[in-house]
Amino acid sequence: MGERKILNKYIPADFDPTLIPKLSSTKEFKATQKRNEGKVQCNNCGTFMYRGKKFNSLKEDVGGSQGKYLGIQRYRFYIKCVVCSRGITFKTDPENGDYEMESGASRNYEVWKDKEKHEETAEEDKEENTGAIEQLEKRVEESRKEMEEIDRLEEIKELNSRHVTM
């Protein structure tokens, strides 16, 4: 077994380490271990991957115009389906404080859609409330005008009754 161990390597006298070509990758990925943040369904095999499932993922900076949001760096993650090993990509969404699915899977529950629905219903309720208040103000104004007209008519009737009695 001792003959298989390499304890020393021969380095020639004219060896120049700068002549060895470096292996360079075009993109730099960082391997991370990540937990699934929501319920995801694979588009290929239909498998559900629930929240809290651990994945070995590759993390990459998002470049271009979408690279940063208010100075916060956005990241893209690459994971694989647990059944069919198809690639799934998603990226961070600092605007909504969540993740945005890009390809390979779809989310069953998206938080920002609920927020949008809640905001729409809140706006509708606000419009209804302001509409009710405006209607009430219009009714009050109309009743005030009617009271003024009734007072004027009574004054005219009094004047007419004075003219008739004279």
# chains A, B, ... in the order shown; residues from 1 in each chain; ligands from 1
$ residues_around --residues "range 36-41 of chain A" --least-positions-apart "3" --cutoff "7 Å" --atoms "only C-alpha atoms" --output "list in words"
Gly46, Thr47, Phe48, Met49, Tyr50, Arg51, Gly52, Lys53, Lys54, Ala105, Ser106, Arg107, Asn108 and Tyr109 of chain A
$ atom_distance --atom1 "CA of Glu120 in chain A" --atom2 "CA of Lys91 in chain A"
26.3 Å
$ select_by_dssp --residues "chain A" --states "strand (DSSP E or B)" --output "PyMOL selection string"
chain A and resi 30-35+40-42+48-49+54-61+68-69+72-73+75-80+87-93+98-103+105-107
$ write_last_selection --atoms "C-alpha atoms" --output "compact mmCIF listing (two decimals), in the first residue's frame"
# COMPACT_ATOMS: atom_id res chain seq x y z
CA LYS A 30 -21.92 29.64 -4.31
CA ALA A 31 -23.24 26.35 -2.95
CA THR A 32 -25.66 26.90 -0.07
CA GLN A 33 -28.14 24.82 1.83
CA LYS A 34 -31.58 26.38 1.75
CA ARG A 35 -35.01 25.61 3.16
CA VAL A 40 -44.03 24.55 -4.60
CA GLN A 41 -45.23 22.13 -7.28
CA CYS A 42 -42.86 20.81 -9.95
CA PHE A 48 -45.32 18.98 -4.14
CA MET A 49 -42.36 20.25 -2.15
CA LYS A 54 -34.02 21.31 2.75
CA PHE A 55 -32.28 21.74 -0.60
CA ASN A 56 -28.70 22.01 -1.72
CA SER A 57 -28.80 25.07 -3.93
CA LEU A 58 -26.53 27.20 -6.04
CA LYS A 59 -26.69 30.92 -5.35
CA GLU A 60 -25.92 33.56 -7.96
CA ASP A 61 -26.14 37.36 -8.04
CA LYS A 68 -30.59 45.64 -7.02
CA TYR A 69 -33.70 47.04 -5.40
CA ILE A 72 -30.43 45.46 -1.74
CA GLN A 73 -28.77 42.77 -3.86
CA TYR A 75 -30.05 36.58 -5.71
CA ARG A 76 -31.07 33.69 -7.95
CA PHE A 77 -31.21 30.16 -6.54
CA TYR A 78 -31.01 26.89 -8.47
CA ILE A 79 -32.45 23.73 -6.88
CA LYS A 80 -33.57 20.33 -8.19
CA GLY A 87 -33.92 22.26 -12.35
CA ILE A 88 -36.01 24.87 -10.55
CA THR A 89 -34.97 28.51 -10.38
CA PHE A 90 -36.29 31.31 -8.23
CA LYS A 91 -34.98 34.68 -7.14
CA THR A 92 -35.37 36.92 -4.14
CA ASP A 93 -37.95 39.69 -4.23
CA ASP A 98 -40.59 37.01 -0.63
CA TYR A 99 -39.32 34.81 -3.46
CA GLU A 100 -40.32 34.93 -7.13
CA MET A 101 -40.49 31.68 -9.13
CA GLU A 102 -38.72 31.86 -12.50
CA SER A 103 -38.88 28.41 -14.05
CA ALA A 105 -42.10 25.01 -10.74
CA SER A 106 -45.08 27.05 -9.65
CA ARG A 107 -46.11 28.32 -6.25
$ select_by_dssp --residues "chain A" --states "alpha helix (DSSP H)" --output "PyMOL selection string"
chain A and resi 111-165
$ closest_residue --among "A:Asn96, A:Asn44, A:Asn8, A:Thr130" --to "Glu116 in chain A" --atoms "only C-alpha atoms"
A:Asn96
